[in-house]
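Trainee: mmCIF, C-alpha atoms, pLDDT in the B column; chains and numbers go by the auth columns, saved as query17.cif, coming up:
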```
data_structure
#
loop_
_atom_site.group_PDB
_atom_site.id
_atom_site.type_symbol
_atom_site.label_atom_id
_atom_site.label_comp_id
_atom_site.label_asym_id
_atom_site.label_seq_id
_atom_site.Cartn_x
_atom_site.Cartn_y
_atom_site.Cartn_z
_atom_site.B_iso_or_equiv
_atom_site.auth_seq_id
_atom_site.auth_asym_id
ATOM 1 C CA MET A 1 8.638 22.842 187.493 72.00 1 A
ATOM 2 C CA SER A 2 11.020 19.948 187.504 83.00 2 A
ATOM 3 C CA GLY A 3 11.777 17.873 184.451 86.00 3 A
ATOM 4 C CA SER A 4 9.423 15.069 185.409 88.00 4 A
ATOM 5 C CA GLU A 5 6.563 17.522 185.850 90.00 5 A
ATOM 6 C CA VAL A 6 7.195 18.966 182.399 93.00 6 A
ATOM 7 C CA ILE A 7 7.152 15.477 180.907 94.00 7 A
ATOM 8 C CA PHE A 8 3.981 14.654 182.818 94.00 8 A
ATOM 9 C CA ALA A 9 2.335 17.822 181.495 94.00 9 A
ATOM 10 C CA ILE A 10 3.210 16.778 177.933 95.00 10 A
ATOM 11 C CA ILE A 11 1.847 13.263 178.552 95.00 11 A
ATOM 12 C CA PHE A 12 -1.337 14.736 180.046 96.00 12 A
ATOM 13 C CA ALA A 13 -1.849 16.979 177.037 96.00 13 A
ATOM 14 C CA ILE A 14 -1.202 14.268 174.452 96.00 14 A
ATOM 15 C CA ALA A 15 -3.370 11.663 176.180 96.00 15 A
ATOM 16 C CA GLY A 16 -6.227 14.084 176.825 96.00 16 A
ATOM 17 C CA ILE A 17 -6.279 15.492 173.292 96.00 17 A
ATOM 18 C CA ALA A 18 -5.938 12.049 171.695 96.00 18 A
ATOM 19 C CA ALA A 19 -8.794 10.668 173.792 96.00 19 A
ATOM 20 C CA ALA A 20 -11.038 13.641 173.023 94.00 20 A
ATOM 21 C CA LEU A 21 -10.343 13.281 169.305 94.00 21 A
ATOM 22 C CA LEU A 22 -10.905 9.525 169.550 93.00 22 A
ATOM 23 C CA VAL A 23 -14.488 9.935 170.750 91.00 23 A
ATOM 24 C CA SER A 24 -15.342 12.726 168.367 88.00 24 A
ATOM 25 C CA SER A 25 -13.586 11.811 165.151 89.00 25 A
ATOM 26 C CA LYS A 26 -15.643 11.274 162.008 86.00 26 A
ATOM 27 C CA ASN A 27 -13.240 8.733 160.555 87.00 27 A
ATOM 28 C CA VAL A 28 -12.972 5.316 162.150 90.00 28 A
ATOM 29 C CA VAL A 29 -9.374 4.711 161.120 91.00 29 A
ATOM 30 C CA HIS A 30 -8.383 8.115 162.499 92.00 30 A
ATOM 31 C CA ALA A 31 -10.039 7.098 165.760 93.00 31 A
ATOM 32 C CA ALA A 32 -7.886 3.960 165.886 94.00 32 A
ATOM 33 C CA LEU A 33 -4.756 6.037 165.331 95.00 33 A
ATOM 34 C CA TYR A 34 -5.757 8.465 168.069 95.00 34 A
ATOM 35 C CA LEU A 35 -6.125 5.407 170.300 96.00 35 A
ATOM 36 C CA VAL A 36 -2.525 4.485 169.442 96.00 36 A
ATOM 37 C CA ALA A 37 -1.391 7.972 170.468 96.00 37 A
ATOM 38 C CA ALA A 38 -3.303 7.772 173.743 96.00 38 A
ATOM 39 C CA LEU A 39 -1.947 4.306 174.546 96.00 39 A
ATOM 40 C CA GLY A 40 1.601 5.374 173.706 96.00 40 A
ATOM 41 C CA SER A 41 1.416 8.375 176.014 96.00 41 A
ATOM 42 C CA ILE A 42 -0.005 6.201 178.786 96.00 42 A
ATOM 43 C CA ALA A 43 2.921 3.814 178.309 96.00 43 A
ATOM 44 C CA ALA A 44 5.262 6.801 178.663 95.00 44 A
ATOM 45 C CA LEU A 45 3.474 7.665 181.907 95.00 45 A
ATOM 46 C CA PHE A 46 4.008 4.132 183.172 94.00 46 A
ATOM 47 C CA LEU A 47 7.717 4.439 182.422 94.00 47 A
ATOM 48 C CA LEU A 48 7.792 7.769 184.236 92.00 48 A
ATOM 49 C CA LEU A 49 6.187 6.199 187.305 91.00 49 A
ATOM 50 C CA GLY A 50 8.789 3.457 187.379 89.00 50 A
ATOM 51 C CA ALA A 51 6.682 0.615 186.000 90.00 51 A
ATOM 52 C CA GLU A 52 8.981 -0.479 183.232 92.00 52 A
ATOM 53 C CA PHE A 53 7.566 -3.949 182.619 93.00 53 A
ATOM 54 C CA VAL A 54 3.965 -2.763 182.518 94.00 54 A
ATOM 55 C CA GLY A 55 4.923 0.129 180.246 95.00 55 A
ATOM 56 C CA TRP A 56 6.536 -2.039 177.622 95.00 56 A
ATOM 57 C CA THR A 57 3.836 -4.681 177.990 95.00 57 A
ATOM 58 C CA GLN A 58 1.338 -1.914 177.303 94.00 58 A
ATOM 59 C CA ILE A 59 3.109 -1.069 174.040 95.00 59 A
ATOM 60 C CA LEU A 60 3.484 -4.719 173.107 95.00 60 A
ATOM 61 C CA ILE A 61 -0.031 -5.894 173.842 94.00 61 A
ATOM 62 C CA TYR A 62 -2.200 -2.823 173.521 94.00 62 A
ATOM 63 C CA VAL A 63 -0.591 -1.040 170.600 93.00 63 A
ATOM 64 C CA GLY A 64 0.874 -4.135 169.021 92.00 64 A
ATOM 65 C CA ALA A 65 -2.013 -6.567 169.288 93.00 65 A
ATOM 66 C CA ILE A 66 -5.252 -4.961 170.418 94.00 66 A
ATOM 67 C CA VAL A 67 -5.108 -1.984 168.075 95.00 67 A
ATOM 68 C CA VAL A 68 -4.222 -4.281 165.166 95.00 68 A
ATOM 69 C CA LEU A 69 -7.187 -6.465 166.127 94.00 69 A
ATOM 70 C CA LEU A 70 -9.434 -3.405 166.182 94.00 70 A
ATOM 71 C CA LEU A 71 -8.155 -2.344 162.766 94.00 71 A
ATOM 72 C CA PHE A 72 -8.933 -5.794 161.424 93.00 72 A
ATOM 73 C CA GLY A 73 -12.398 -5.457 162.926 91.00 73 A
ATOM 74 C CA ILE A 74 -12.822 -2.112 161.165 91.00 74 A
ATOM 75 C CA MET A 75 -11.730 -3.640 157.891 91.00 75 A
ATOM 76 C CA LEU A 76 -13.880 -6.767 158.133 89.00 76 A
ATOM 77 C CA THR A 77 -17.037 -4.956 159.184 86.00 77 A
ATOM 78 C CA LYS A 78 -16.706 -2.401 156.397 81.00 78 A
ATOM 79 C CA ALA A 79 -16.796 0.510 158.777 74.00 79 A
ATOM 80 C CA PRO A 80 -18.019 3.697 157.130 73.00 80 A
ATOM 81 C CA ILE A 81 -15.144 5.861 156.023 66.00 81 A
ATOM 82 C CA GLY A 82 -16.850 8.905 154.703 63.00 82 A
ATOM 83 C CA GLY A 83 -19.544 11.350 155.437 57.00 83 A
ATOM 84 C CA THR A 84 -21.923 9.355 157.586 60.00 84 A
ATOM 85 C CA THR A 85 -22.040 10.456 161.153 67.00 85 A
ATOM 86 C CA LEU A 86 -20.735 8.089 163.802 67.00 86 A
ATOM 87 C CA ASP A 87 -22.637 9.390 166.832 72.00 87 A
ATOM 88 C CA ASN A 88 -26.098 8.419 167.894 74.00 88 A
ATOM 89 C CA GLN A 89 -28.917 10.431 169.388 75.00 89 A
ATOM 90 C CA SER A 90 -27.798 10.436 172.983 80.00 90 A
ATOM 91 C CA ARG A 91 -24.803 12.723 172.630 85.00 91 A
ATOM 92 C CA VAL A 92 -26.070 15.293 175.121 88.00 92 A
ATOM 93 C CA LEU A 93 -26.895 12.630 177.690 90.00 93 A
ATOM 94 C CA ALA A 94 -23.459 11.117 177.193 91.00 94 A
ATOM 95 C CA LEU A 95 -21.851 14.512 177.703 93.00 95 A
ATOM 96 C CA VAL A 96 -23.807 15.059 180.904 94.00 96 A
ATOM 97 C CA VAL A 97 -22.909 11.637 182.283 94.00 97 A
ATOM 98 C CA ALA A 98 -19.253 12.001 181.365 95.00 98 A
ATOM 99 C CA ALA A 99 -18.999 15.503 182.811 95.00 99 A
ATOM 100 C CA GLY A 100 -20.731 14.404 185.992 96.00 100 A
ATOM 101 C CA THR A 101 -18.399 11.440 186.370 95.00 101 A
ATOM 102 C CA PHE A 102 -15.358 13.587 185.773 96.00 102 A
ATOM 103 C CA GLY A 103 -16.533 16.258 188.200 96.00 103 A
ATOM 104 C CA GLY A 104 -17.317 13.792 190.958 96.00 104 A
ATOM 105 C CA LEU A 105 -14.095 11.863 190.546 95.00 105 A
ATOM 106 C CA THR A 106 -11.932 14.975 190.401 95.00 106 A
ATOM 107 C CA TRP A 107 -13.511 16.448 193.492 95.00 107 A
ATOM 108 C CA LEU A 108 -12.961 13.184 195.364 94.00 108 A
ATOM 109 C CA ILE A 109 -9.368 12.902 194.160 93.00 109 A
ATOM 110 C CA TRP A 110 -8.362 16.412 195.118 92.00 110 A
ATOM 111 C CA ASP A 111 -10.182 16.169 198.412 92.00 111 A
ATOM 112 C CA ALA A 112 -8.410 12.982 199.380 91.00 112 A
ATOM 113 C CA PHE A 113 -5.024 13.148 197.671 89.00 113 A
ATOM 114 C CA GLY A 114 -4.481 16.780 196.879 84.00 114 A
ATOM 115 C CA ASP A 115 -1.297 17.076 198.881 82.00 115 A
ATOM 116 C CA LYS A 116 0.352 13.718 198.339 83.00 116 A
ATOM 117 C CA GLU A 117 3.493 13.286 196.293 83.00 117 A
ATOM 118 C CA VAL A 118 4.406 10.282 194.181 82.00 118 A
ATOM 119 C CA PRO A 119 8.043 9.303 194.608 82.00 119 A
ATOM 120 C CA LEU A 120 9.502 8.830 191.167 82.00 120 A
ATOM 121 C CA ASP A 121 12.842 7.410 192.135 80.00 121 A
ATOM 122 C CA ASN A 122 12.155 3.750 192.780 82.00 122 A
ATOM 123 C CA ALA A 123 11.575 1.817 189.611 86.00 123 A
ATOM 124 C CA VAL A 124 10.218 -1.667 190.076 88.00 124 A
ATOM 125 C CA ARG A 125 12.402 -4.107 188.214 88.00 125 A
ATOM 126 C CA THR A 126 11.030 -6.907 186.085 90.00 126 A
ATOM 127 C CA ALA A 127 12.747 -9.426 188.358 90.00 127 A
ATOM 128 C CA ASP A 128 10.661 -8.165 191.263 89.00 128 A
ATOM 129 C CA ILE A 129 7.499 -8.511 189.261 91.00 129 A
ATOM 130 C CA GLY A 130 8.430 -12.026 188.218 92.00 130 A
ATOM 131 C CA ARG A 131 9.278 -13.049 191.749 91.00 131 A
ATOM 132 C CA SER A 132 6.046 -11.596 193.098 91.00 132 A
ATOM 133 C CA MET A 133 3.931 -13.036 190.301 91.00 133 A
ATOM 134 C CA PHE A 134 5.133 -16.589 190.837 92.00 134 A
ATOM 135 C CA ASP A 135 5.271 -16.343 194.598 90.00 135 A
ATOM 136 C CA ARG A 136 2.185 -14.545 195.762 90.00 136 A
ATOM 137 C CA PHE A 137 0.028 -14.344 192.664 92.00 137 A
ATOM 138 C CA VAL A 138 0.579 -17.706 191.037 93.00 138 A
ATOM 139 C CA LEU A 139 -3.088 -18.652 191.394 95.00 139 A
ATOM 140 C CA PRO A 140 -4.428 -15.565 189.576 94.00 140 A
ATOM 141 C CA PHE A 141 -1.707 -16.094 186.983 95.00 141 A
ATOM 142 C CA GLU A 142 -2.912 -19.613 186.241 95.00 142 A
ATOM 143 C CA ALA A 143 -6.518 -18.429 186.267 96.00 143 A
ATOM 144 C CA ILE A 144 -5.641 -15.746 183.696 95.00 144 A
ATOM 145 C CA SER A 145 -4.073 -18.438 181.516 95.00 145 A
ATOM 146 C CA VAL A 146 -7.295 -20.446 181.605 96.00 146 A
ATOM 147 C CA LEU A 147 -9.279 -17.259 180.912 96.00 147 A
ATOM 148 C CA LEU A 148 -7.170 -16.480 177.849 95.00 148 A
ATOM 149 C CA LEU A 149 -7.585 -20.045 176.611 96.00 149 A
ATOM 150 C CA ALA A 150 -11.352 -19.789 177.064 95.00 150 A
ATOM 151 C CA ALA A 151 -11.402 -16.463 175.234 95.00 151 A
ATOM 152 C CA LEU A 152 -9.362 -17.897 172.389 94.00 152 A
ATOM 153 C CA VAL A 153 -11.570 -20.937 171.965 95.00 153 A
ATOM 154 C CA GLY A 154 -14.707 -18.814 172.357 93.00 154 A
ATOM 155 C CA ALA A 155 -13.643 -16.295 169.734 92.00 155 A
ATOM 156 C CA ILE A 156 -12.833 -19.029 167.239 92.00 156 A
ATOM 157 C CA VAL A 157 -16.136 -20.824 167.861 92.00 157 A
ATOM 158 C CA LEU A 158 -18.079 -17.572 167.582 89.00 158 A
ATOM 159 C CA ALA A 159 -16.492 -16.299 164.445 82.00 159 A
ATOM 160 C CA ARG A 160 -16.043 -19.371 162.286 83.00 160 A
ATOM 161 C CA LYS A 161 -18.182 -19.876 159.218 77.00 161 A
ATOM 162 C CA ASP A 162 -20.396 -22.893 159.522 68.00 162 A
ATOM 163 C CA MET B 1 4.935 15.074 191.312 80.00 1 B
ATOM 164 C CA ASN B 2 1.512 15.461 192.733 88.00 2 B
ATOM 165 C CA LEU B 3 -0.441 12.212 193.001 91.00 3 B
ATOM 166 C CA ALA B 4 -3.744 13.991 192.378 92.00 4 B
ATOM 167 C CA TRP B 5 -2.670 15.102 188.898 93.00 5 B
ATOM 168 C CA VAL B 6 -1.939 11.523 187.821 94.00 6 B
ATOM 169 C CA LEU B 7 -5.279 10.383 189.185 95.00 7 B
ATOM 170 C CA THR B 8 -6.948 13.305 187.418 95.00 8 B
ATOM 171 C CA LEU B 9 -5.530 12.054 184.123 96.00 9 B
ATOM 172 C CA GLY B 10 -7.050 8.663 184.918 96.00 10 B
ATOM 173 C CA ALA B 11 -10.406 10.247 185.744 96.00 11 B
ATOM 174 C CA LEU B 12 -10.319 12.330 182.557 96.00 12 B
ATOM 175 C CA LEU B 13 -9.630 9.333 180.335 97.00 13 B
ATOM 176 C CA PHE B 14 -12.317 7.333 182.155 97.00 14 B
ATOM 177 C CA SER B 15 -14.914 10.058 181.595 97.00 15 B
ATOM 178 C CA ILE B 16 -13.972 10.424 177.941 96.00 16 B
ATOM 179 C CA GLY B 17 -14.313 6.638 177.617 96.00 17 B
ATOM 180 C CA ILE B 18 -17.787 6.792 179.154 95.00 18 B
ATOM 181 C CA TYR B 19 -18.779 9.463 176.643 94.00 19 B
ATOM 182 C CA GLY B 20 -17.429 7.319 173.828 93.00 20 B
ATOM 183 C CA VAL B 21 -19.300 4.199 174.954 93.00 21 B
ATOM 184 C CA ILE B 22 -22.631 6.025 175.189 91.00 22 B
ATOM 185 C CA ALA B 23 -22.396 8.326 172.212 90.00 23 B
ATOM 186 C CA ARG B 24 -20.786 6.251 169.469 89.00 24 B
ATOM 187 C CA ARG B 25 -22.823 4.206 167.007 86.00 25 B
ATOM 188 C CA ASN B 26 -20.213 1.922 165.539 88.00 26 B
ATOM 189 C CA ALA B 27 -19.536 -1.176 167.632 90.00 27 B
ATOM 190 C CA VAL B 28 -15.782 -1.103 167.029 92.00 28 B
ATOM 191 C CA LEU B 29 -15.639 2.501 168.272 92.00 29 B
ATOM 192 C CA VAL B 30 -17.469 1.424 171.422 93.00 30 B
ATOM 193 C CA LEU B 31 -14.806 -1.245 171.933 94.00 31 B
ATOM 194 C CA MET B 32 -12.109 1.396 171.527 94.00 32 B
ATOM 195 C CA SER B 33 -13.750 3.539 174.197 95.00 33 B
ATOM 196 C CA ILE B 34 -13.885 0.549 176.534 96.00 34 B
ATOM 197 C CA GLU B 35 -10.138 0.108 176.017 95.00 35 B
ATOM 198 C CA LEU B 36 -9.689 3.758 176.983 95.00 36 B
ATOM 199 C CA MET B 37 -11.574 3.167 180.214 96.00 37 B
ATOM 200 C CA LEU B 38 -9.468 0.123 181.041 96.00 38 B
ATOM 201 C CA ASN B 39 -6.322 2.158 180.471 96.00 39 B
ATOM 202 C CA ALA B 40 -7.590 4.800 182.857 96.00 40 B
ATOM 203 C CA VAL B 41 -8.014 2.101 185.502 96.00 41 B
ATOM 204 C CA ASN B 42 -4.460 0.955 184.818 96.00 42 B
ATOM 205 C CA ILE B 43 -3.161 4.489 185.319 95.00 43 B
ATOM 206 C CA ASN B 44 -4.876 4.539 188.685 95.00 44 B
ATOM 207 C CA LEU B 45 -3.417 1.192 189.729 94.00 45 B
ATOM 208 C CA ILE B 46 0.136 2.078 188.682 93.00 46 B
ATOM 209 C CA ALA B 47 -0.049 5.497 190.315 93.00 47 B
ATOM 210 C CA PHE B 48 -1.104 4.053 193.629 92.00 48 B
ATOM 211 C CA GLY B 49 1.489 1.322 193.318 91.00 49 B
ATOM 212 C CA ALA B 50 4.176 3.950 192.856 91.00 50 B
ATOM 213 C CA TYR B 51 2.744 6.033 195.701 91.00 51 B
ATOM 214 C CA PHE B 52 2.779 3.239 198.236 88.00 52 B
ATOM 215 C CA GLY B 53 6.087 1.964 196.967 80.00 53 B
ATOM 216 C CA ASP B 54 5.731 -1.668 197.977 77.00 54 B
ATOM 217 C CA GLN B 55 8.330 -4.005 196.654 76.00 55 B
ATOM 218 C CA ALA B 56 5.811 -6.756 195.928 82.00 56 B
ATOM 219 C CA ALA B 57 4.494 -4.506 193.106 88.00 57 B
ATOM 220 C CA VAL B 58 0.884 -5.481 193.702 91.00 58 B
ATOM 221 C CA GLY B 59 -0.454 -2.515 191.739 91.00 59 B
ATOM 222 C CA GLN B 60 1.587 -3.375 188.677 93.00 60 B
ATOM 223 C CA ILE B 61 0.670 -7.046 188.776 94.00 61 B
ATOM 224 C CA PHE B 62 -2.984 -6.088 189.005 94.00 62 B
ATOM 225 C CA ALA B 63 -2.459 -3.799 185.995 95.00 63 B
ATOM 226 C CA LEU B 64 -0.922 -6.699 184.077 95.00 64 B
ATOM 227 C CA PHE B 65 -3.980 -8.806 184.814 96.00 65 B
ATOM 228 C CA VAL B 66 -6.218 -5.962 183.635 96.00 66 B
ATOM 229 C CA ILE B 67 -4.258 -5.819 180.362 95.00 67 B
ATOM 230 C CA ALA B 68 -4.665 -9.578 179.905 95.00 68 B
ATOM 231 C CA VAL B 69 -8.409 -9.445 180.587 95.00 69 B
ATOM 232 C CA ALA B 70 -8.759 -6.492 178.204 95.00 70 B
ATOM 233 C CA ALA B 71 -7.037 -8.451 175.463 94.00 71 B
ATOM 234 C CA ALA B 72 -9.369 -11.418 175.978 95.00 72 B
ATOM 235 C CA GLU B 73 -12.387 -9.132 176.009 94.00 73 B
ATOM 236 C CA VAL B 74 -11.439 -7.368 172.787 94.00 74 B
ATOM 237 C CA GLY B 75 -11.019 -10.722 171.081 93.00 75 B
ATOM 238 C CA ILE B 76 -14.439 -11.951 172.127 94.00 76 B
ATOM 239 C CA GLY B 77 -16.041 -8.559 171.481 94.00 77 B
ATOM 240 C CA LEU B 78 -14.721 -8.413 167.942 93.00 78 B
ATOM 241 C CA ALA B 79 -15.859 -12.000 167.298 93.00 79 B
ATOM 242 C CA ILE B 80 -19.362 -10.978 168.366 92.00 80 B
ATOM 243 C CA VAL B 81 -19.217 -7.854 166.188 91.00 81 B
ATOM 244 C CA LEU B 82 -18.153 -9.966 163.224 91.00 82 B
ATOM 245 C CA MET B 83 -21.072 -12.339 163.775 90.00 83 B
ATOM 246 C CA ILE B 84 -23.492 -9.412 163.958 89.00 84 B
ATOM 247 C CA PHE B 85 -22.043 -8.011 160.757 89.00 85 B
ATOM 248 C CA ARG B 86 -22.282 -11.352 159.044 88.00 86 B
ATOM 249 C CA ASN B 87 -25.932 -11.745 159.944 86.00 87 B
ATOM 250 C CA ARG B 88 -27.199 -8.204 159.563 83.00 88 B
ATOM 251 C CA GLU B 89 -24.751 -6.459 157.227 82.00 89 B
ATOM 252 C CA THR B 90 -24.416 -3.600 159.704 79.00 90 B
ATOM 253 C CA VAL B 91 -22.544 -2.800 162.906 76.00 91 B
ATOM 254 C CA ASN B 92 -24.621 0.255 163.584 81.00 92 B
ATOM 255 C CA LEU B 93 -25.699 -0.213 167.167 81.00 93 B
ATOM 256 C CA ASP B 94 -28.856 1.813 166.614 79.00 94 B
ATOM 257 C CA GLU B 95 -30.139 -0.924 164.340 80.00 95 B
ATOM 258 C CA VAL B 96 -29.399 -3.805 166.714 79.00 96 B
ATOM 259 C CA ASP B 97 -32.352 -3.135 168.968 77.00 97 B
ATOM 260 C CA LEU B 98 -34.332 -6.358 169.152 79.00 98 B
ATOM 261 C CA LEU B 99 -34.126 -6.382 172.945 79.00 99 B
ATOM 262 C CA LYS B 100 -35.392 -2.824 173.284 78.00 100 B
ATOM 263 C CA TRP B 101 -38.763 -2.285 174.869 73.00 101 B
#
```
Take the structure in the file and give it back as structure tokens.

Mentor:
Amino acid sequence: MSGSEVIFAIIFAIAGIAAALLVSSKNVVHAALYLVAALGSIAALFLLLGAEFVGWTQILIYVGAIVVLLLFGIMLTKAPIGGTTLDNQSRVLALVVAAGTFGGLTWLIWDAFGDKEVPLDNAVRTADIGRSMFDRFVLPFEAISVLLLAALVGAIVLARKD
Amino acid sequence: MNLAWVLTLGALLFSIGIYGVIARRNAVLVLMSIELMLNAVNINLIAFGAYFGDQAAVGQIFALFVIAVAAAEVGIGLAIVLMIFRNRETVNLDEVDLLKW
């Protein structure tokens, strides 16, 4: 196994275990920290695949902003930190649905792409992303700006005390 | 590196996210599971972008848009959860069942 495959195996293990512990943890704050571990390992995977801008944006926005927002949500909604269970009645159904989804997707993936290799030696530079974003994708970029503005205004209107 | 293994990681995280969305009672935990699913989609997009190797980096730009939309959605979702908590003193999704048959 080459070095990149070893690193990918480590990333796979960390992300898989962190995600499994996230959905089964009894402590809400622990779940948030497992989410941080999963997001960090996914960012490492992005760096491995040559997506440097997306990898660091993932750390910046997901770990740096979204997880902090979720922790604030946990704090402000007085999430139970203790003995009460955090799962509802439909655990078995959820397990069946999740296993079925995973089985179907994995079969499809290995049937279609089982023998394809990802070249790891061309990293996309941030300059290329910037050039492409403002050349070909300027309209979705502006639309995303309006969407973020709408989300900001909507969140403030929803959550203010009146 | 085999492309199918990267996509399998995406599928695994997506399935675990689905389990988390269905099985968890706390609304904030459901939001965390949704974030996991969005990250799985991003893994897929980046992997295919690296596989096809285009210099316009369409896969990565799409992933950036997914990250932006996820951030907006978490903001709105948490505002809604806060409103529910303010009105009902609970974020237990089993107890928010007015629309159930």

Trainee: At most 10 Å from (-8.2, 4.4, 161.7), file frame, only C-alpha atoms: which residues, as a list in words?

Mentor: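 Checked against the point, the hits come out as Leu22, Ser25, Asn27, Val28, Val29, His30, Ala31, Ala32, Leu33, Tyr34, Leu35, Val36, Val67, Leu70, Leu71, Ile74, Met75, Ala79 and Ile81 of chain A.
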
Trainee: Using CA of Ala98 in chain A and CA of Leu9 in chain B as the two end points, give the distance in Å to one decimal.

Mentor: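 That distance, rounded to one decimal, is 14.0 Å.
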
Trainee: The PyMOL selection byres ((chain A and resi 146-148) around 10) on the file shown: which residues, as a list of chain:residue names?

Mentor: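 Output of the PyMOL selection byres ((chain A and resi 146-148) around 10): A:Pro140, A:Phe141, A:Glu142, A:Ala143, A:Ile144, A:Ser145, A:Leu149, A:Ala150, A:Ala151, A:Leu152, A:Val153, A:Gly154, B:Ala68, B:Val69, B:Ala71, B:Ala72, B:Glu73, B:Gly75.
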
Trainee: Separation of CA of Leu99 in chain B and CA of Leu31 in chain B, in Å?

Mentor: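 Distance reported for this atom pair: 20.0 Å.
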
Trainee: Which residues fall under the PyMOL selection byres ((chain B) within 6 of (chain A)) in this file, as a PDB file with C-alpha atoms, keeping the file's coordinate frame?

Mentor:
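result.pdb, freshly written:
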```pdb
ATOM      1  CA  MET B   1       4.935  15.074 191.312  1.00 80.00           C
ATOM      2  CA  ASN B   2       1.512  15.461 192.733  1.00 88.00           C
ATOM      3  CA  LEU B   3      -0.441  12.212 193.001  1.00 91.00           C
ATOM      4  CA  ALA B   4      -3.744  13.991 192.378  1.00 92.00           C
ATOM      5  CA  ALA B  11     -10.406  10.247 185.744  1.00 96.00           C
ATOM      6  CA  SER B  15     -14.914  10.058 181.595  1.00 97.00           C
ATOM      7  CA  ILE B  18     -17.787   6.792 179.154  1.00 95.00           C
ATOM      8  CA  TYR B  19     -18.779   9.463 176.643  1.00 94.00           C
ATOM      9  CA  GLY B  20     -17.429   7.319 173.828  1.00 93.00           C
ATOM     10  CA  ILE B  22     -22.631   6.025 175.189  1.00 91.00           C
ATOM     11  CA  ALA B  23     -22.396   8.326 172.212  1.00 90.00           C
ATOM     12  CA  ARG B  24     -20.786   6.251 169.469  1.00 89.00           C
ATOM     13  CA  ARG B  25     -22.823   4.206 167.007  1.00 86.00           C
ATOM     14  CA  TYR B  51       2.744   6.033 195.701  1.00 91.00           C
ATOM     15  CA  ALA B  56       5.811  -6.756 195.928  1.00 82.00           C
ATOM     16  CA  ALA B  72      -9.369 -11.418 175.978  1.00 95.00           C
ATOM     17  CA  ILE B  76     -14.439 -11.951 172.127  1.00 94.00           C
ATOM     18  CA  ALA B  79     -15.859 -12.000 167.298  1.00 93.00           C
TER      19      ALA B  79
END
```

Trainee: Show me, as JSON, the centre and edge lengths in Å to one decimal of the axis-aligned box that covers every listed atom of range 7-19 of chain B with 3 Å on each side.

Mentor:
```
{"center_x": -12.0, "center_y": 10.0, "center_z": 182.9, "size_x": 19.5, "size_y": 12.7, "size_z": 18.5}
```

Trainee: In Å to one decimal, how far is CA of Gly59 in chain B from CA of Leu139 in chain A?

Mentor: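 Spanning CA of Leu139 in chain A to CA of Gly59 in chain B is a straight-line distance of 16.4 Å.
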
Trainee: Point out the residue among A:Ile7, A:Leu60, A:Val68, A:Val138 with the least atom-to-atom distance to Leu78 in chain B, counting only C-alpha atoms.

Mentor: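 For Leu78 in chain B, the nearest of the given residues is A:Val68.
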
Trainee: So what does the PyMOL selection byres ((chain B and resi 95) around 12) actually pick up in this one, as a list in words?

Mentor: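 So the PyMOL selection byres ((chain B and resi 95) around 12), applied here, picks out Asn88 of chain A; Arg25, Asn26, Ala27, Ile84, Phe85, Arg88, Glu89, Thr90, Val91, Asn92, Leu93, Asp94, Val96, Asp97, Leu98, Leu99 and Lys100 of chain B.
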
Trainee: Would you save the residues from that selection as a short mmCIF file (atom, residue, chain, number, x, y, z; two decimals), keeping the file's coordinate frame, using C-alpha atoms?

Mentor:
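Written output follows (result.cif):
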```
data_model
loop_
_atom_site.label_atom_id
_atom_site.label_comp_id
_atom_site.auth_asym_id
_atom_site.auth_seq_id
_atom_site.Cartn_x
_atom_site.Cartn_y
_atom_site.Cartn_z
CA ASN A 88 -26.10 8.42 167.89
CA ARG B 25 -22.82 4.21 167.01
CA ASN B 26 -20.21 1.92 165.54
CA ALA B 27 -19.54 -1.18 167.63
CA ILE B 84 -23.49 -9.41 163.96
CA PHE B 85 -22.04 -8.01 160.76
CA ARG B 88 -27.20 -8.20 159.56
CA GLU B 89 -24.75 -6.46 157.23
CA THR B 90 -24.42 -3.60 159.70
CA VAL B 91 -22.54 -2.80 162.91
CA ASN B 92 -24.62 0.26 163.58
CA LEU B 93 -25.70 -0.21 167.17
CA ASP B 94 -28.86 1.81 166.61
CA VAL B 96 -29.40 -3.80 166.71
CA ASP B 97 -32.35 -3.14 168.97
CA LEU B 98 -34.33 -6.36 169.15
CA LEU B 99 -34.13 -6.38 172.94
CA LYS B 100 -35.39 -2.82 173.28
#
```

Trainee: Can you pull out every residue within 6 Å of range 39-48 of chain B, counting only C-alpha atoms, but drop anything in the same chain fewer than 5 positions away, and send it as a count of residues only?

Mentor: 7

Trainee: Extract range 87-92 of chain B from the structure I just pasted (atoms: N, CA and C atoms) and return it as a short mmCIF file (atom, residue, chain, number, x, y, z; two decimals), in the first residue's frame.

Mentor:
```
data_model
loop_
_atom_site.label_atom_id
_atom_site.label_comp_id
_atom_site.auth_asym_id
_atom_site.auth_seq_id
_atom_site.Cartn_x
_atom_site.Cartn_y
_atom_site.Cartn_z
N ASN B 87 -41.15 28.56 22.82
CA ASN B 87 -42.60 28.43 22.96
C ASN B 87 -43.01 27.19 23.73
N ARG B 88 -42.20 26.13 23.69
CA ARG B 88 -42.67 24.88 24.26
C ARG B 88 -41.75 24.32 25.32
N GLU B 89 -40.64 24.99 25.59
CA GLU B 89 -39.71 24.57 26.63
C GLU B 89 -39.12 23.19 26.36
N THR B 90 -39.20 22.71 25.12
CA THR B 90 -38.58 21.42 24.83
C THR B 90 -38.12 21.41 23.38
N VAL B 91 -37.04 20.68 23.09
CA VAL B 91 -36.68 20.45 21.69
C VAL B 91 -36.75 18.97 21.38
N ASN B 92 -37.52 18.26 22.20
CA ASN B 92 -37.71 16.85 21.95
C ASN B 92 -38.67 16.70 20.78
#
```
